[in-house]
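See below for data_25.txt, which holds compact mmCIF, C-alpha atoms and all ligand atoms.
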```
# COMPACT_ATOMS: atom_id res chain seq x y z
CA MET F 1 -15.01 42.70 156.16
CA LYS F 2 -16.21 45.30 153.63
CA LYS F 3 -13.68 47.21 151.49
CA LYS F 4 -13.81 50.52 153.36
CA LYS F 5 -13.52 48.85 156.73
CA LEU F 6 -10.60 46.79 155.48
CA ILE F 7 -8.82 49.93 154.30
CA GLN F 8 -9.43 51.76 157.57
CA SER F 9 -8.26 48.83 159.60
CA VAL F 10 -5.05 48.35 157.62
CA ALA F 11 -4.29 52.07 157.69
CA SER F 12 -4.92 52.26 161.46
CA ASN F 13 -2.66 49.31 161.98
CA PHE F 14 0.02 51.01 159.91
CA LEU F 15 -0.29 54.12 162.07
CA GLU F 16 -0.01 52.06 165.22
CA VAL F 17 3.04 50.08 164.06
CA PHE F 18 4.98 52.82 162.23
CA LYS F 19 3.71 55.91 164.11
CA SER F 20 2.72 57.78 160.96
CA GLU F 21 -0.04 57.68 158.36
CA PRO F 22 0.63 55.54 155.26
CA GLU F 23 1.49 57.56 152.15
CA HIS F 24 -0.46 55.24 149.87
CA VAL F 25 -3.12 52.55 149.99
CA PHE F 26 -3.43 49.90 147.28
CA LEU F 27 -6.02 47.22 146.59
CA ALA F 28 -5.33 43.94 144.78
CA PRO F 29 -8.35 41.73 144.00
CA GLY F 30 -8.96 37.99 143.99
CA ARG F 31 -10.66 36.40 141.00
CA ILE F 32 -13.35 34.10 139.74
CA ASN F 33 -13.15 32.07 136.55
CA ILE F 34 -16.26 31.37 134.50
CA ILE F 35 -14.64 28.58 132.49
CA GLY F 36 -11.21 27.40 131.30
CA GLU F 37 -9.69 25.51 134.18
CA HIS F 38 -6.17 24.02 134.17
CA VAL F 39 -5.65 25.18 130.62
CA ASP F 40 -3.74 28.40 131.25
CA TYR F 41 -0.47 26.45 131.52
CA ASN F 42 -1.59 24.23 128.63
CA ASP F 43 -1.71 27.01 126.01
CA GLY F 44 -5.47 27.38 126.26
CA TYR F 45 -7.93 30.21 126.85
CA VAL F 46 -9.57 31.22 130.12
CA LEU F 47 -12.47 33.49 131.06
CA PRO F 48 -11.72 35.07 134.45
CA ALA F 49 -12.66 38.32 136.20
CA ALA F 50 -11.38 40.23 139.23
CA ILE F 51 -13.79 40.44 142.18
CA ASN F 52 -14.59 42.80 145.03
CA LYS F 53 -12.50 40.89 147.55
CA TYR F 54 -9.07 42.33 148.12
CA ILE F 55 -5.70 42.41 149.74
CA CYS F 56 -5.17 45.93 150.99
CA PHE F 57 -1.65 47.38 151.34
CA ALA F 58 -0.84 50.50 153.37
CA VAL F 59 2.66 51.66 152.53
CA SER F 60 5.25 54.43 152.90
CA ALA F 61 8.84 54.77 151.76
CA ASN F 62 11.00 55.12 154.89
CA ASP F 63 14.21 56.88 153.76
CA SER F 64 16.35 54.00 154.94
CA ASN F 65 17.57 50.71 153.54
CA GLU F 66 15.18 48.71 155.72
CA ILE F 67 12.18 46.84 154.49
CA ASN F 68 9.46 46.02 156.97
CA LEU F 69 6.64 43.69 155.90
CA VAL F 70 3.74 43.28 158.32
CA SER F 71 0.91 40.79 157.88
CA GLN F 72 -2.00 42.12 159.91
CA ASP F 73 -4.08 38.94 159.58
CA LEU F 74 -1.30 36.61 160.68
CA LYS F 75 0.10 39.03 163.27
CA ASP F 76 3.52 38.37 161.86
CA ALA F 77 6.33 40.45 160.38
CA HIS F 78 9.48 40.05 158.34
CA HIS F 79 12.29 42.60 158.27
CA PHE F 80 15.31 42.75 155.99
CA ARG F 81 17.73 45.18 154.38
CA LEU F 82 18.06 46.20 150.77
CA SER F 83 21.55 44.70 150.65
CA ASP F 84 20.45 41.29 152.04
CA GLU F 85 20.36 38.29 149.75
CA VAL F 86 16.69 37.56 149.03
CA LYS F 87 15.75 33.89 149.28
CA PRO F 88 12.70 31.88 150.40
CA ILE F 89 12.18 31.74 154.17
CA ASP F 90 9.95 29.61 156.39
CA LYS F 91 7.02 32.08 156.20
CA MET F 92 4.94 31.31 153.14
CA TRP F 93 3.10 34.63 153.18
CA ALA F 94 6.42 36.50 152.98
CA ASN F 95 7.73 34.28 150.19
CA TYR F 96 5.12 35.53 147.71
CA MET F 97 6.43 39.06 148.30
CA LEU F 98 10.09 38.12 148.52
CA GLY F 99 9.82 36.33 145.18
CA VAL F 100 8.64 39.58 143.61
CA PHE F 101 11.26 41.62 145.42
CA SER F 102 14.13 39.37 144.34
CA GLN F 103 13.15 39.70 140.68
CA LEU F 104 12.99 43.47 140.93
CA LYS F 105 16.46 43.47 142.46
CA GLU F 106 17.75 41.21 139.70
CA ARG F 107 16.37 43.61 137.11
CA GLY F 108 18.31 46.43 138.73
CA SER F 109 15.16 48.34 139.75
CA ARG F 110 15.89 51.40 141.87
CA LEU F 111 14.34 50.25 145.15
CA GLN F 112 14.52 51.92 148.55
CA GLY F 113 13.41 51.04 152.05
CA PHE F 114 9.69 50.98 152.87
CA ASN F 115 7.14 49.94 155.47
CA VAL F 116 4.03 48.02 154.53
CA VAL F 117 1.08 46.55 156.42
CA PHE F 118 -1.37 44.37 154.54
CA ALA F 119 -4.56 42.45 155.26
CA SER F 120 -7.13 40.60 153.19
CA ASN F 121 -10.84 39.93 152.92
CA ILE F 122 -10.30 37.27 150.25
CA PRO F 123 -11.34 34.01 151.91
CA MET F 124 -8.20 31.90 152.37
CA GLY F 125 -8.01 28.49 150.73
CA ALA F 126 -11.23 29.11 148.80
CA GLY F 127 -9.53 29.11 145.40
CA LEU F 128 -10.06 32.84 144.89
CA SER F 129 -6.36 33.51 144.32
CA SER F 130 -5.26 35.38 147.37
CA SER F 131 -1.66 34.45 146.55
CA ALA F 132 -1.80 36.07 143.09
CA ALA F 133 -3.37 39.15 144.70
CA LEU F 134 -0.50 39.29 147.17
CA GLU F 135 2.20 38.94 144.51
CA CYS F 136 0.62 41.31 142.03
CA GLY F 137 -0.54 43.85 144.60
CA PHE F 138 2.97 43.97 146.03
CA GLY F 139 4.54 44.38 142.57
CA TYR F 140 1.97 47.00 141.60
CA MET F 141 2.58 48.90 144.83
CA LEU F 142 6.39 48.94 144.45
CA ASN F 143 6.04 49.99 140.83
CA LYS F 144 4.02 53.06 141.86
CA LEU F 145 5.99 53.83 145.01
CA PHE F 146 9.39 53.88 143.29
CA ASN F 147 8.36 54.71 139.70
CA LEU F 148 9.83 51.50 138.35
CA GLY F 149 8.18 51.83 134.95
CA LEU F 150 6.82 48.28 134.85
CA SER F 151 3.91 47.47 132.56
CA LYS F 152 0.87 45.61 133.88
CA LYS F 153 1.98 42.59 131.88
CA GLU F 154 5.39 42.65 133.54
CA ILE F 155 3.79 42.88 136.98
CA ALA F 156 1.66 39.80 136.22
CA LEU F 157 4.62 37.82 134.89
CA ILE F 158 6.76 38.76 137.88
CA GLY F 159 3.94 37.57 140.16
CA GLN F 160 3.72 34.25 138.33
CA LYS F 161 7.47 33.70 138.52
CA SER F 162 7.42 34.43 142.23
CA GLU F 163 4.84 31.66 142.65
CA HIS F 164 7.08 29.28 140.69
CA THR F 165 10.36 30.09 142.37
CA PHE F 166 9.44 31.11 145.93
CA ALA F 167 6.19 29.18 146.51
CA GLY F 168 6.92 26.06 144.46
CA VAL F 169 3.67 26.07 142.46
CA ASN F 170 4.14 25.86 138.68
CA CYS F 171 0.99 27.84 138.06
CA GLY F 172 -0.24 29.34 134.81
CA ILE F 173 -0.82 33.06 134.26
CA MET F 174 -4.59 33.30 134.74
CA ASP F 175 -4.73 34.41 138.37
CA GLN F 176 -2.08 37.11 138.05
CA TYR F 177 -3.66 38.42 134.86
CA ALA F 178 -7.07 38.57 136.48
CA SER F 179 -5.72 40.45 139.50
CA VAL F 180 -3.91 43.00 137.35
CA PHE F 181 -6.13 43.33 134.27
CA GLY F 182 -9.59 42.91 135.83
CA LYS F 183 -12.23 45.42 134.70
CA GLU F 184 -15.44 46.29 136.51
CA ASP F 185 -18.47 44.39 135.15
CA HIS F 186 -16.39 42.50 132.59
CA VAL F 187 -14.95 39.06 132.20
CA PHE F 188 -12.06 38.68 129.80
CA LYS F 189 -11.01 35.98 127.43
CA LEU F 190 -7.29 35.52 127.86
CA ASP F 191 -5.25 33.75 125.22
CA CYS F 192 -2.64 32.18 127.47
CA THR F 193 -0.15 31.75 124.62
CA THR F 194 -0.03 35.31 123.29
CA LEU F 195 -1.47 36.96 126.43
CA GLU F 196 -3.85 38.92 124.20
CA HIS F 197 -7.14 39.48 125.95
CA ASP F 198 -10.51 40.94 125.14
CA TYR F 199 -13.22 42.05 127.52
CA HIS F 200 -16.83 40.90 127.43
CA THR F 201 -19.64 42.45 129.44
CA ALA F 202 -20.50 40.14 132.30
CA ARG F 203 -24.24 40.33 131.78
CA PHE F 204 -26.18 37.26 132.76
CA ASP F 205 -29.71 38.78 132.41
CA GLU F 206 -32.10 36.91 134.67
CA TYR F 207 -29.29 34.68 135.91
CA SER F 208 -26.55 35.33 138.41
CA VAL F 209 -23.38 33.74 139.63
CA PHE F 210 -22.71 32.59 143.18
CA LEU F 211 -19.86 30.70 144.79
CA MET F 212 -20.19 27.96 147.39
CA ASP F 213 -17.14 27.49 149.54
CA SER F 214 -16.78 23.85 150.58
CA LYS F 215 -14.43 25.08 153.36
CA VAL F 216 -12.11 22.20 152.63
CA LYS F 217 -8.59 22.48 151.31
CA HIS F 218 -6.84 19.20 150.70
CA THR F 219 -3.15 19.26 151.44
CA HIS F 220 -1.97 17.74 148.17
CA LEU F 221 -2.93 20.89 146.24
CA THR F 222 0.65 21.86 145.34
CA SER F 223 1.90 18.38 144.49
CA GLY F 224 -1.35 17.46 142.70
CA TYR F 225 -1.20 20.65 140.66
CA ASN F 226 2.41 20.18 139.62
CA ASP F 227 1.75 16.50 138.78
CA ARG F 228 -1.15 17.40 136.48
CA ARG F 229 1.00 19.90 134.66
CA ARG F 230 3.73 17.30 134.15
CA GLU F 231 1.31 14.57 133.02
CA ALA F 232 -0.39 16.83 130.47
CA THR F 233 2.98 17.98 129.10
CA GLU F 234 4.20 14.39 128.78
CA GLY F 235 1.01 13.51 126.90
CA LEU F 236 1.46 16.45 124.55
CA GLU F 237 5.02 15.37 123.77
CA ILE F 238 3.76 11.93 122.74
CA LEU F 239 1.03 13.45 120.57
CA LYS F 240 3.57 15.75 118.89
CA THR F 241 5.45 12.69 117.66
CA LYS F 242 2.22 11.49 115.98
CA TYR F 243 1.32 14.87 114.51
CA PRO F 244 4.48 16.82 113.61
CA GLU F 245 2.46 19.94 112.76
CA VAL F 246 1.15 20.14 116.35
CA ARG F 247 2.89 22.68 118.60
CA THR F 248 0.44 23.11 121.45
CA PHE F 249 -2.77 21.55 122.78
CA ARG F 250 -4.84 24.00 120.80
CA ASP F 251 -3.65 22.45 117.53
CA LEU F 252 -5.22 19.11 118.50
CA THR F 253 -8.74 17.75 118.14
CA VAL F 254 -10.45 15.46 120.62
CA GLU F 255 -10.56 12.78 117.89
CA GLN F 256 -6.78 12.94 117.43
CA VAL F 257 -6.28 12.41 121.15
CA GLU F 258 -8.74 9.50 121.10
CA THR F 259 -6.88 7.86 118.22
CA HIS F 260 -3.77 7.55 120.39
CA LYS F 261 -5.37 6.42 123.61
CA GLU F 262 -3.20 3.33 123.88
CA GLU F 263 0.15 5.00 123.27
CA LEU F 264 -0.72 7.73 125.77
CA GLY F 265 -1.70 5.30 128.52
CA ASP F 266 -4.76 5.79 130.72
CA VAL F 267 -3.63 8.75 132.87
CA ARG F 268 -2.02 10.83 130.12
CA PHE F 269 -4.94 10.09 127.82
CA ARG F 270 -7.46 11.43 130.30
CA ARG F 271 -5.37 14.53 131.05
CA CYS F 272 -4.97 15.37 127.34
CA HIS F 273 -8.59 14.54 126.52
CA PHE F 274 -9.73 17.01 129.17
CA VAL F 275 -7.36 19.78 128.07
CA VAL F 276 -8.29 19.64 124.39
CA GLY F 277 -12.00 19.53 125.25
CA GLU F 278 -11.69 22.40 127.72
CA ILE F 279 -9.93 24.67 125.24
CA ARG F 280 -12.87 24.15 122.84
CA ARG F 281 -15.39 24.73 125.64
CA VAL F 282 -13.97 28.15 126.51
CA LEU F 283 -14.36 29.35 122.93
CA ASP F 284 -17.92 27.99 122.84
CA ALA F 285 -18.62 29.65 126.18
CA VAL F 286 -17.51 33.05 124.90
CA ASP F 287 -19.91 32.66 121.95
CA ALA F 288 -22.69 31.60 124.32
CA LEU F 289 -22.06 34.60 126.57
CA GLU F 290 -22.09 36.99 123.62
CA ALA F 291 -25.34 35.43 122.36
CA SER F 292 -26.85 35.51 125.88
CA ASP F 293 -27.34 31.76 125.54
CA PHE F 294 -27.05 31.02 129.25
CA LYS F 295 -28.40 27.48 128.99
CA LYS F 296 -25.50 26.66 126.71
CA LEU F 297 -23.03 28.44 129.00
CA GLY F 298 -24.33 26.50 132.00
CA LYS F 299 -24.14 23.20 130.14
CA LEU F 300 -20.51 23.90 129.23
CA MET F 301 -19.67 24.71 132.86
CA THR F 302 -21.12 21.40 134.01
CA GLU F 303 -19.22 19.54 131.28
CA THR F 304 -16.06 21.22 132.52
CA HIS F 305 -16.74 19.92 136.00
CA ASN F 306 -17.18 16.36 134.77
CA GLY F 307 -13.85 16.58 132.98
CA LEU F 308 -12.07 18.14 135.97
CA SER F 309 -13.46 15.48 138.26
CA LYS F 310 -13.12 12.33 136.14
CA GLU F 311 -10.40 13.07 133.62
CA TYR F 312 -8.15 15.68 135.19
CA GLU F 313 -8.91 14.42 138.71
CA VAL F 314 -8.54 17.71 140.55
CA SER F 315 -11.91 17.77 142.28
CA CYS F 316 -12.72 16.13 145.61
CA GLU F 317 -15.65 14.42 147.31
CA GLU F 318 -16.99 17.62 148.85
CA ILE F 319 -16.98 19.69 145.65
CA ASP F 320 -18.38 16.78 143.63
CA PHE F 321 -21.21 16.61 146.13
CA LEU F 322 -21.97 20.33 145.76
CA VAL F 323 -22.01 20.04 141.97
CA GLU F 324 -24.01 16.82 141.87
CA ALA F 325 -26.60 18.30 144.23
CA THR F 326 -27.32 20.99 141.61
CA GLN F 327 -28.51 18.27 139.20
CA ASN F 328 -31.80 18.23 141.14
CA GLU F 329 -32.14 22.00 140.78
CA PRO F 330 -33.62 22.93 137.40
CA GLU F 331 -33.01 26.63 138.13
CA ILE F 332 -29.26 26.06 138.21
CA LEU F 333 -27.99 26.10 134.66
CA GLY F 334 -24.42 25.11 135.41
CA SER F 335 -22.09 24.28 138.26
CA ARG F 336 -18.44 23.35 138.54
CA MET F 337 -15.39 23.42 140.74
CA MET F 338 -13.37 26.58 140.28
CA GLY F 339 -9.62 27.22 140.42
CA GLY F 340 -6.83 24.78 141.18
CA GLY F 341 -9.18 22.31 142.88
CA PHE F 342 -8.75 19.76 145.70
CA GLY F 343 -11.25 21.85 147.67
CA GLY F 344 -12.25 25.50 147.53
CA CYS F 345 -15.37 26.76 145.79
CA SER F 346 -17.91 25.73 143.21
CA ILE F 347 -19.17 28.39 140.82
CA ASN F 348 -22.84 28.28 139.88
CA LEU F 349 -25.09 29.94 137.34
CA VAL F 350 -28.60 30.24 138.75
CA LYS F 351 -31.91 31.91 137.98
CA LYS F 352 -32.02 35.02 140.16
CA SER F 353 -35.61 34.44 141.26
CA ALA F 354 -34.76 31.01 142.68
CA GLU F 355 -31.32 31.80 144.04
CA LYS F 356 -32.18 32.12 147.70
CA GLU F 357 -34.08 28.85 148.03
CA VAL F 358 -31.58 26.97 145.93
CA ILE F 359 -28.68 28.17 148.08
CA ASN F 360 -30.55 27.17 151.24
CA ARG F 361 -31.24 23.68 149.92
CA LEU F 362 -27.64 23.16 148.78
CA SER F 363 -26.22 24.46 152.06
CA GLU F 364 -28.47 22.21 154.11
CA ALA F 365 -27.66 19.14 152.06
CA TYR F 366 -23.92 19.84 152.27
CA GLN F 367 -24.03 20.42 155.99
CA LYS F 368 -25.99 17.22 156.50
CA GLU F 369 -23.51 15.20 154.46
CA PHE F 370 -20.20 16.60 155.77
CA ASP F 371 -21.12 18.42 158.95
CA ILE F 372 -19.51 21.57 157.54
CA GLU F 373 -21.39 24.80 157.01
CA PRO F 374 -20.45 26.04 153.53
CA ALA F 375 -19.97 29.75 152.91
CA VAL F 376 -21.76 31.47 150.05
CA TYR F 377 -20.20 34.40 148.19
CA LYS F 378 -22.07 36.75 145.91
CA VAL F 379 -19.21 38.59 144.30
CA LYS F 380 -19.16 41.72 142.20
CA ILE F 381 -16.89 41.90 139.20
CA SER F 382 -14.39 44.66 139.80
CA ASP F 383 -11.26 46.43 138.60
CA GLY F 384 -7.78 44.97 138.87
CA CYS F 385 -4.99 46.27 141.16
CA LYS F 386 -5.15 49.97 141.83
CA GLU F 387 -4.24 52.69 144.24
CA TYR F 388 -7.11 53.70 146.51
CA LYS F 389 -6.87 57.42 145.83
CA LYS F 390 -9.77 58.34 148.08
CA PHE F 391 -7.73 57.49 151.16
CA LYS F 392 -7.46 60.69 153.17
CA GLY F 393 -5.96 59.43 156.39
CA VAL F 394 -7.03 57.27 159.27
CA ALA F 395 -10.43 58.36 160.61
CA PRO F 396 -10.35 59.69 164.18
CA ALA F 397 -11.62 57.15 166.72
CA GLY F 398 -15.40 56.95 166.75
CA GLU F 399 -15.87 57.71 163.05
C1 LIG A 1 -4.62 27.88 140.02
C2 LIG A 1 -3.46 28.41 139.21
F1 LIG A 1 -2.76 29.36 139.90
C3 LIG A 1 -3.89 28.97 137.86
O1 LIG A 1 -2.77 29.30 137.10
C4 LIG A 1 -4.77 27.97 137.12
O2 LIG A 1 -4.02 26.94 136.55
C5 LIG A 1 -5.86 27.41 138.04
O3 LIG A 1 -5.33 26.92 139.25
C6 LIG A 1 -6.61 26.29 137.37
O4 LIG A 1 -7.28 26.75 136.25
O5 LIG A 1 -5.48 28.90 140.41
```
Could you render the structure as C-alpha cells?
Amino acid sequence: MKKKKLIQSVASNFLEVFKSEPEHVFLAPGRINIIGEHVDYNDGYVLPAAINKYICFAVSANDSNEINLVSQDLKDAHHFRLSDEVKPIDKMWANYMLGVFSQLKERGSRLQGFNVVFASNIPMGAGLSSSAALECGFGYMLNKLFNLGLSKKEIALIGQKSEHTFAGVNCGIMDQYASVFGKEDHVFKLDCTTLEHDYHTARFDEYSVFLMDSKVKHTHLTSGYNDRRREATEGLEILKTKYPEVRTFRDLTVEQVETHKEELGDVRFRRCHFVVGEIRRVLDAVDALEASDFKKLGKLMTETHNGLSKEYEVSCEEIDFLVEATQNEPEILGSRMMGGGFGGCSINLVKKSAEKEVINRLSEAYQKEFDIEPAVYKVKISDGCKEYKKFKGVAPAGE
C-alpha cells in the first residue's frame, strides 16, 4: 500500500473505531543497511538509511486515563489505564509499545490517556525493522502529543531498551537510529560507541539498490541473535586479556585475532574475526561511496555476506542461494544478506540498465529452487519519524 493510501486507511479506521477524526498522524520508517551488519552491538560502525515504508499512527488524546491501542493489520486491540502496572503481555505487537510506555512512566513523564490506531506497509519478517519503527514511532508520537521534551537520541534509546526488556532481543542501536535519524536521499555512518553520525549522499550514479525478499523467516532469529552477541562478547573478553590496551572490537586488528585462534576456540574465533573485519569494511565502504567507487563498494558488500554466512553464521540456505546466484551476474556489483539474518532480504547493488533482466533471472532461479516467489523492493531513501502535517481529515467516501 502506498503512503497516502496507508494514511487514509489508518485515519478512516480511527474515525470508525473512536467516532472522531484523529488529531495527529505520524509516520515511522523501516530501514535498509548498506553495510555494517551485527557490529552495532559490537562497538562498530554501520551505514543505514530510513526508507519509504512506514508504520502510520493516527492518534488523539482522549481526556481520560484510558489508553487504547489498536492494531489495524492484526485486527487486535489492547486497553489499559494510566495507573495500571505496565508489563509484557502475550501480544508481541503491544509489547514493543508497552516497553516504551513503561520507560516513560518510570521517567515521570506527564502522560495522559489517548487513542491510537496504527498500520504498516513495511513487509513483516523481511528484516526491514518494523519493530524499531513501531517502538520509535510510538515514542516519537507520545513525545509530540504530550510535549515530553525528549530528544531524538532519547527516543531511539528508549526504543532499543523496549526491544531488550519487553521483546527479549538484545539488539544494537542501528535500527532505532535509522528510524529516527533517517534523512531523505542520505545514508549515514553511525559510530555505535559514541552515537555520532554523519550523513553521506546516497548517490550510486549508474547503479541502484534493490532488495530481494526471500519470504522466509527462520524461527531461531531471537535465540540465534542473542547467542551471537554473547559469543562475540566472550571472544572479546579473551582478547582483552591478551591485549590490555584493547577496550572494544575496534581496537583490534584481524591479525591480532588470528594470533589467538586457539585460545578463542573455533566458534569465538570466527565470530571475532568477522566483527573486526566488518568494522574495517564499513570504513572502507564509506570511502568508496565518497569516491563513487561502486565496484569497491560492491566487493565489500559481498565480502560481508561471506563473513555473515560462514563466520558469523546468521544467513540461511535461501539467502545464500540469492547471493550466490548473483555471482553469475556481472552487472551486480555486490550482494549480501541484510539485517539480523536467518531469512529476510538480500540487498544488491546493480547496474540500472540491467536491473530488470537481472531481477527476473534471480526471481526465476529462486522460485525454481525453493518454490517460493520472492518479492522485490525498490526503496527510496527517506526521512526518519515525523508528523504527517498535510493530514487534513479523512477524505469523504469516493475521494
Ligand atoms: C537487527 C538488530 F535489531 C540490529 O540492532 C542489528 O544488530 C542488525 O540486526 C544486524 O546488523 O536488525
**OP:** Provide the atom CA of Ser60 of chain F to atom CA of Asn115 of chain F distance in Å, to one decimal place.
**Re:**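 It comes out at 5.5 Å.
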**OP:** Counting all atoms listed in the file, figure out which residue out of F:Leu362, F:Cys136, F:Cys192, F:Ala61 gets nearest to Asp40 of chain F.
**Re:** F:Cys192
**OP:** List all protein, DNA and RNA residues that have any atom at most 8 Å from ligand LIG 1 (chain A), counting all atoms listed in the file, and write the list as a ChimeraX atom specification.
**Re:** /F:33,36-41,46,127-129,132,169-176,225,338-341
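Separating atom CA of Val379 of chain F from atom CA of Thr194 of chain F is a distance of 28.6 Å.
One finds atom CA of Val376 of chain F at 28.8 Å from atom CA of Val275 of chain F.
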**OP:** Can you pull out every residue within 8 Å of segment 255-264 of chain F, counting only C-alpha atoms, but drop anything in the same chain fewer than 2 positions away, and send it as an MDAnalysis selection string?
**Re:** chainID F and resid 235 238:239 252:253 266:269 272:273
Subject >> For Met141 of chain F, the nearest of the candidates F:Phe101, F:Phe26, F:Phe370, F:Tyr388, counting all atoms listed in the file >> reply: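 Of all the options, F:Phe26 lies closest to Met141 of chain F.
Compared by their closest atoms to Lys75 of chain F, and using only C-alpha atoms, the residues F:Lys3, F:Phe118, F:Val282, F:Ile32 rank with F:Phe118 nearest.
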Each segment 53-160 of chain F residue no farther than 12 Å from segment 214-219 of chain F, nearest pair in Å, all atoms listed in the file, as JSON lines:
```
{"residue": "F:Pro123", "atom": "CA", "partner": "F:Lys215", "partner_atom": "CA", "distance": 9.6}
{"residue": "F:Met124", "atom": "CA", "partner": "F:Lys215", "partner_atom": "CA", "distance": 9.3}
{"residue": "F:Gly125", "atom": "CA", "partner": "F:Lys217", "partner_atom": "CA", "distance": 6.1}
{"residue": "F:Ala126", "atom": "CA", "partner": "F:Lys215", "partner_atom": "CA", "distance": 6.9}
{"residue": "F:Gly127", "atom": "CA", "partner": "F:Lys217", "partner_atom": "CA", "distance": 8.9}
```
**OP:** Compile the contact shell of Gly113 of chain F as number ranges by chain: residues with an atom at most 7 Å away, counting all atoms listed in the file, same-chain residues fewer than 6 positions apart removed.
**Re:** F: 61-67, 82
Original post:
Between F:Asn328, F:Asn360, F:Ser71, F:Ser315, which has the minimum distance to Cys345 of chain F (counting all atoms listed in the file)?
Top reply: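 Between F:Asn328, F:Asn360, F:Ser71, F:Ser315, the residue approaching Cys345 of chain F most closely is F:Ser315.
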Original post:
Which residues, written as a PyMOL selection string, have at least one atom at most 9 Å from Ser102 of chain F, with all atoms listed in the file counted and residues fewer than 2 positions away on the same chain left out?
Top reply: chain F and resi 85-87+97-100+104-107+162
Can I get the selection written as an mmCIF file, in the frame of the given file, with C-alpha atoms?
```
data_model
loop_
_atom_site.group_PDB
_atom_site.id
_atom_site.type_symbol
_atom_site.label_atom_id
_atom_site.label_comp_id
_atom_site.auth_asym_id
_atom_site.auth_seq_id
_atom_site.Cartn_x
_atom_site.Cartn_y
_atom_site.Cartn_z
ATOM 1 C CA GLU F 85 20.360 38.290 149.750
ATOM 2 C CA VAL F 86 16.690 37.560 149.030
ATOM 3 C CA LYS F 87 15.750 33.890 149.280
ATOM 4 C CA MET F 97 6.430 39.060 148.300
ATOM 5 C CA LEU F 98 10.090 38.120 148.520
ATOM 6 C CA GLY F 99 9.820 36.330 145.180
ATOM 7 C CA VAL F 100 8.640 39.580 143.610
ATOM 8 C CA LEU F 104 12.990 43.470 140.930
ATOM 9 C CA LYS F 105 16.460 43.470 142.460
ATOM 10 C CA GLU F 106 17.750 41.210 139.700
ATOM 11 C CA ARG F 107 16.370 43.610 137.110
ATOM 12 C CA SER F 162 7.420 34.430 142.230
#
```
**OP:** Counting only C-alpha atoms, write as a list in words all protein and nucleic acid residues lying at most 10 Å from (-1.5, 42.2, 135.4) in the file's frame.
**Re:** Ala132, Ala133, Cys136, Gly137, Gly139, Tyr140, Ser151, Lys152, Lys153, Glu154, Ile155, Ala156, Leu157, Ile158, Gly159, Gln160, Ile173, Met174, Asp175, Gln176, Tyr177, Ala178, Ser179, Val180, Phe181, Gly182, Gly384 and Cys385 of chain F
